[in-house]
file final.pdb (PDB, C-alpha atoms, pLDDT in the B column)
ATOM      1  CA  MET A   1      67.664 -69.898 212.934  1.00 33.00           C
ATOM      2  CA  PRO A   2      69.360 -66.511 212.988  1.00 47.00           C
ATOM      3  CA  GLY A   3      68.304 -63.889 210.483  1.00 61.00           C
ATOM      4  CA  GLN A   4      70.613 -61.993 208.214  1.00 81.00           C
ATOM      5  CA  LEU A   5      71.807 -58.622 209.440  1.00 89.00           C
ATOM      6  CA  THR A   6      72.203 -56.048 206.677  1.00 93.00           C
ATOM      7  CA  LEU A   7      73.094 -52.380 206.707  1.00 95.00           C
ATOM      8  CA  ASP A   8      69.596 -51.591 205.437  1.00 96.00           C
ATOM      9  CA  GLY A   9      68.095 -53.681 208.231  1.00 95.00           C
ATOM     10  CA  PHE A  10      70.353 -52.000 210.784  1.00 97.00           C
ATOM     11  CA  ARG A  11      69.200 -48.570 209.579  1.00 97.00           C
ATOM     12  CA  ALA A  12      65.569 -49.709 209.644  1.00 97.00           C
ATOM     13  CA  ASP A  13      65.924 -50.993 213.216  1.00 97.00           C
ATOM     14  CA  LEU A  14      67.420 -47.687 214.333  1.00 98.00           C
ATOM     15  CA  ALA A  15      64.834 -45.666 212.440  1.00 97.00           C
ATOM     16  CA  GLU A  16      61.984 -47.551 214.084  1.00 96.00           C
ATOM     17  CA  CYS A  17      63.303 -46.733 217.561  1.00 96.00           C
ATOM     18  CA  LEU A  18      64.037 -43.113 216.636  1.00 97.00           C
ATOM     19  CA  PHE A  19      60.721 -42.534 214.815  1.00 96.00           C
ATOM     20  CA  LEU A  20      62.550 -41.702 211.588  1.00 97.00           C
ATOM     21  CA  LEU A  21      62.726 -43.037 208.074  1.00 97.00           C
ATOM     22  CA  PRO A  22      65.764 -45.280 207.485  1.00 97.00           C
ATOM     23  CA  GLY A  23      67.333 -42.704 205.152  1.00 96.00           C
ATOM     24  CA  GLU A  24      67.139 -40.094 207.905  1.00 97.00           C
ATOM     25  CA  VAL A  25      69.401 -42.062 210.258  1.00 97.00           C
ATOM     26  CA  ASP A  26      72.791 -40.360 210.481  1.00 97.00           C
ATOM     27  CA  LEU A  27      75.331 -43.112 211.122  1.00 98.00           C
ATOM     28  CA  ALA A  28      77.850 -40.544 212.376  1.00 98.00           C
ATOM     29  CA  GLU A  29      75.472 -39.529 215.179  1.00 97.00           C
ATOM     30  CA  SER A  30      75.837 -40.578 218.786  1.00 97.00           C
ATOM     31  CA  PRO A  31      73.113 -43.007 219.877  1.00 97.00           C
ATOM     32  CA  LEU A  32      72.465 -40.987 223.023  1.00 94.00           C
ATOM     33  CA  ASP A  33      72.366 -37.680 221.154  1.00 96.00           C
ATOM     34  CA  ALA A  34      69.926 -39.275 218.718  1.00 96.00           C
ATOM     35  CA  GLY A  35      67.574 -40.001 221.610  1.00 95.00           C
ATOM     36  CA  LEU A  36      68.056 -43.698 222.341  1.00 95.00           C
ATOM     37  CA  ASP A  37      67.554 -44.671 225.953  1.00 95.00           C
ATOM     38  CA  SER A  38      68.718 -47.872 227.615  1.00 94.00           C
ATOM     39  CA  LEU A  39      65.410 -49.703 227.057  1.00 96.00           C
ATOM     40  CA  ARG A  40      65.475 -49.041 223.330  1.00 97.00           C
ATOM     41  CA  ILE A  41      69.120 -50.059 223.141  1.00 97.00           C
ATOM     42  CA  VAL A  42      68.300 -53.355 224.863  1.00 96.00           C
ATOM     43  CA  SER A  43      65.460 -53.916 222.389  1.00 96.00           C
ATOM     44  CA  LEU A  44      67.828 -53.351 219.462  1.00 97.00           C
ATOM     45  CA  LEU A  45      70.472 -55.526 221.084  1.00 96.00           C
ATOM     46  CA  GLU A  46      68.031 -58.433 221.374  1.00 96.00           C
ATOM     47  CA  ARG A  47      67.179 -58.160 217.658  1.00 94.00           C
ATOM     48  CA  TRP A  48      70.825 -58.155 216.660  1.00 95.00           C
ATOM     49  CA  GLN A  49      71.697 -61.023 218.969  1.00 93.00           C
ATOM     50  CA  ALA A  50      68.863 -63.028 217.397  1.00 91.00           C
ATOM     51  CA  ALA A  51      70.485 -62.299 214.020  1.00 89.00           C
ATOM     52  CA  GLY A  52      73.726 -63.852 215.262  1.00 89.00           C
ATOM     53  CA  ALA A  53      75.683 -60.871 216.598  1.00 92.00           C
ATOM     54  CA  GLU A  54      77.531 -61.744 219.785  1.00 92.00           C
ATOM     55  CA  VAL A  55      77.498 -58.310 221.409  1.00 95.00           C
ATOM     56  CA  SER A  56      76.536 -56.997 224.824  1.00 96.00           C
ATOM     57  CA  PHE A  57      75.059 -53.777 226.117  1.00 97.00           C
ATOM     58  CA  VAL A  58      78.507 -52.763 227.365  1.00 97.00           C
ATOM     59  CA  ASP A  59      79.975 -53.389 223.887  1.00 97.00           C
ATOM     60  CA  LEU A  60      77.499 -50.918 222.414  1.00 97.00           C
ATOM     61  CA  ALA A  61      77.864 -48.411 225.260  1.00 94.00           C
ATOM     62  CA  GLU A  62      81.616 -48.202 224.623  1.00 96.00           C
ATOM     63  CA  ARG A  63      81.027 -46.947 221.068  1.00 97.00           C
ATOM     64  CA  THR A  64      80.029 -43.384 220.320  1.00 96.00           C
ATOM     65  CA  SER A  65      78.322 -43.552 216.921  1.00 98.00           C
ATOM     66  CA  PHE A  66      75.929 -45.732 214.984  1.00 98.00           C
ATOM     67  CA  ALA A  67      78.720 -46.338 212.463  1.00 98.00           C
ATOM     68  CA  GLN A  68      80.844 -47.794 215.263  1.00 98.00           C
ATOM     69  CA  TRP A  69      77.909 -49.996 216.287  1.00 98.00           C
ATOM     70  CA  TRP A  70      77.630 -51.288 212.712  1.00 97.00           C
ATOM     71  CA  GLN A  71      81.369 -51.962 212.579  1.00 96.00           C
ATOM     72  CA  LEU A  72      81.157 -53.916 215.833  1.00 96.00           C
ATOM     73  CA  LEU A  73      78.150 -55.922 214.679  1.00 95.00           C
ATOM     74  CA  THR A  74      79.792 -56.871 211.400  1.00 93.00           C
ATOM     75  CA  GLU A  75      83.013 -57.862 213.180  1.00 92.00           C
ATOM     76  CA  ARG A  76      81.114 -60.090 215.575  1.00 89.00           C
ATOM     77  CA  ILE A  77      79.223 -61.961 212.856  1.00 84.00           C
ATOM     78  CA  ARG A  78      81.567 -61.648 209.872  1.00 66.00           C
ATOM     79  CA  GLY A  79      82.721 -65.263 209.976  1.00 56.00           C
ATOM     80  CA  ALA A  80      79.241 -66.609 210.609  1.00 54.00           C
ATOM     81  CA  GLY A  81      77.918 -65.472 207.232  1.00 51.00           C
ATOM     82  CA  HIS A  82      75.004 -63.596 208.771  1.00 47.00           C
ATOM     83  CA  ALA A  83      75.897 -60.032 207.851  1.00 47.00           C
ATOM     84  CA  ASP A  84      76.060 -57.838 204.824  1.00 52.00           C
ATOM     85  CA  VAL A  85      79.448 -56.380 205.677  1.00 47.00           C
ATOM     86  CA  ARG A  86      79.625 -53.560 203.142  1.00 53.00           C
ATOM     87  CA  ASP A  87      81.305 -50.476 204.552  1.00 52.00           C
ATOM     88  CA  VAL A  88      79.114 -47.574 205.635  1.00 52.00           C
TER      89      VAL A  88
END

call {"tool": "encode", "arguments": {"input": "final.pdb", "output": "structure tokens"}}
result
Amino acid sequence: MPGQLTLDGFRADLAECLFLLPGEVDLAESPLDAGLDSLRIVSLLERWQAAGAEVSFVDLAERTSFAQWWQLLTERIRGAGHADVRDV
């Protein structure tokens, strides 16, 4: 059963991969500038897919900020009832 994807969970996932606290994640930052490599992105992608987000690596690669990632994730699961879709 898919989990629920929330903004807090999204921040926590990013923070874990970036070795930060969730509150230190700047959603306006570029994932690559923040230090994410392709292996970490794939790890995050697998978590979010398990939560019900129908996104691909290419979908994420086409977006240039964490805020754009969150927007994409919420769009892809909005109708499924698996996301906390509050604006960032």

call {"tool": "residues_around", "arguments": {"input": "final.pdb", "residues": "stretch 59-68 of chain A", "least_positions_apart": "6", "cutoff": "12 Å", "atoms": "only C-alpha atoms", "output": "number ranges by chain"}}
result
A: 7, 10-11, 13-15, 25-34, 36-38, 41-42, 44-45, 48, 53, 74-76, 86-88

call {"tool": "axis_aligned_box", "arguments": {"input": "final.pdb", "around": "stretch 58-63 of chain A", "padding_each_side": "5 Å", "output": "lines of an AutoDock Vina configuration file"}}
result
center_x = 79.6
center_y = -50.2
center_z = 224.2
size_x = 14.1
size_y = 16.4
size_z = 16.3

call {"tool": "atom_distance", "arguments": {"input": "final.pdb", "atom1": "atom CA of A:Gly52", "atom2": "atom CA of A:Ile77"}}
result
6.3 Å

call {"tool": "closest_residue", "arguments": {"input": "final.pdb", "among": "A:Arg40, A:Ala50, A:Phe19, A:Leu5", "to": "A:Leu73", "atoms": "only C-alpha atoms"}}
result
A:Leu5

call {"tool": "atom_distance", "arguments": {"input": "final.pdb", "atom1": "atom CA of A:Gln71", "atom2": "atom CA of A:Glu54"}}
result
12.7 Å

call {"tool": "closest_residue", "arguments": {"input": "final.pdb", "among": "A:Leu72, A:Gly9, A:Arg47, A:Leu20", "to": "A:Gly35", "atoms": "only C-alpha atoms"}}
result
A:Leu20

call {"tool": "atom_distance", "arguments": {"input": "final.pdb", "atom1": "atom CA of A:Gly23", "atom2": "atom CA of A:Leu39"}}
result
23.1 Å

call {"tool": "build_atoms", "arguments": {"input": "final.pdb", "residues": "stretch 50-61 of chain A", "atoms": "all heavy atoms", "output": "short mmCIF file (atom, residue, chain, number, x, y, z; two decimals), in the coordinates of the input"}}
result
data_model
loop_
_atom_site.label_atom_id
_atom_site.label_comp_id
_atom_site.auth_asym_id
_atom_site.auth_seq_id
_atom_site.Cartn_x
_atom_site.Cartn_y
_atom_site.Cartn_z
N ALA A 50 69.65 -62.00 218.07
CA ALA A 50 68.86 -63.03 217.40
C ALA A 50 69.34 -63.24 215.96
O ALA A 50 69.18 -64.33 215.41
CB ALA A 50 67.38 -62.65 217.41
N ALA A 51 69.94 -62.20 215.38
CA ALA A 51 70.48 -62.30 214.02
C ALA A 51 71.90 -62.88 214.01
O ALA A 51 72.50 -63.01 212.95
CB ALA A 51 70.47 -60.93 213.35
N GLY A 52 72.43 -63.20 215.19
CA GLY A 52 73.73 -63.85 215.26
C GLY A 52 74.88 -63.00 215.75
O GLY A 52 76.01 -63.46 215.80
N ALA A 53 74.61 -61.74 216.12
CA ALA A 53 75.68 -60.87 216.60
C ALA A 53 75.94 -61.14 218.08
O ALA A 53 75.04 -61.03 218.90
CB ALA A 53 75.31 -59.41 216.40
N GLU A 54 77.16 -61.49 218.39
CA GLU A 54 77.53 -61.74 219.78
C GLU A 54 78.07 -60.46 220.39
O GLU A 54 79.29 -60.25 220.47
CB GLU A 54 78.55 -62.87 219.84
CG GLU A 54 77.97 -64.19 219.36
CD GLU A 54 78.97 -65.32 219.45
OE1 GLU A 54 79.98 -65.20 220.18
OE2 GLU A 54 78.73 -66.34 218.78
N VAL A 55 77.14 -59.59 220.81
CA VAL A 55 77.50 -58.31 221.41
C VAL A 55 76.70 -58.14 222.69
O VAL A 55 75.63 -58.73 222.86
CB VAL A 55 77.22 -57.12 220.46
CG1 VAL A 55 78.12 -57.18 219.24
CG2 VAL A 55 75.77 -57.07 220.05
N SER A 56 77.21 -57.29 223.56
CA SER A 56 76.54 -57.00 224.82
C SER A 56 76.19 -55.51 224.89
O SER A 56 76.66 -54.70 224.08
CB SER A 56 77.45 -57.36 226.00
OG SER A 56 78.55 -56.46 226.06
N PHE A 57 75.41 -55.17 225.88
CA PHE A 57 75.06 -53.78 226.12
C PHE A 57 76.33 -52.95 226.32
O PHE A 57 76.46 -51.85 225.79
CB PHE A 57 74.13 -53.67 227.33
CG PHE A 57 73.64 -52.27 227.58
CD1 PHE A 57 72.48 -51.81 226.98
CD2 PHE A 57 74.34 -51.42 228.43
CE1 PHE A 57 72.03 -50.52 227.20
CE2 PHE A 57 73.90 -50.13 228.66
CZ PHE A 57 72.74 -49.68 228.04
N VAL A 58 77.26 -53.48 227.09
CA VAL A 58 78.51 -52.76 227.36
C VAL A 58 79.28 -52.54 226.07
O VAL A 58 79.85 -51.46 225.85
CB VAL A 58 79.37 -53.52 228.41
CG1 VAL A 58 80.74 -52.90 228.55
CG2 VAL A 58 78.64 -53.56 229.74
N ASP A 59 79.30 -53.55 225.18
CA ASP A 59 79.97 -53.39 223.89
C ASP A 59 79.42 -52.18 223.14
O ASP A 59 80.18 -51.38 222.58
CB ASP A 59 79.80 -54.63 223.01
CG ASP A 59 80.51 -55.86 223.54
OD1 ASP A 59 81.57 -55.72 224.18
OD2 ASP A 59 79.98 -56.97 223.30
N LEU A 60 78.12 -52.05 223.11
CA LEU A 60 77.50 -50.92 222.41
C LEU A 60 77.78 -49.61 223.15
O LEU A 60 78.08 -48.60 222.52
CB LEU A 60 75.99 -51.13 222.27
CG LEU A 60 75.56 -52.29 221.37
CD1 LEU A 60 74.04 -52.40 221.35
CD2 LEU A 60 76.10 -52.15 219.97
N ALA A 61 77.68 -49.63 224.46
CA ALA A 61 77.86 -48.41 225.26
C ALA A 61 79.27 -47.83 225.11
O ALA A 61 79.46 -46.62 225.25
CB ALA A 61 77.58 -48.69 226.73
#
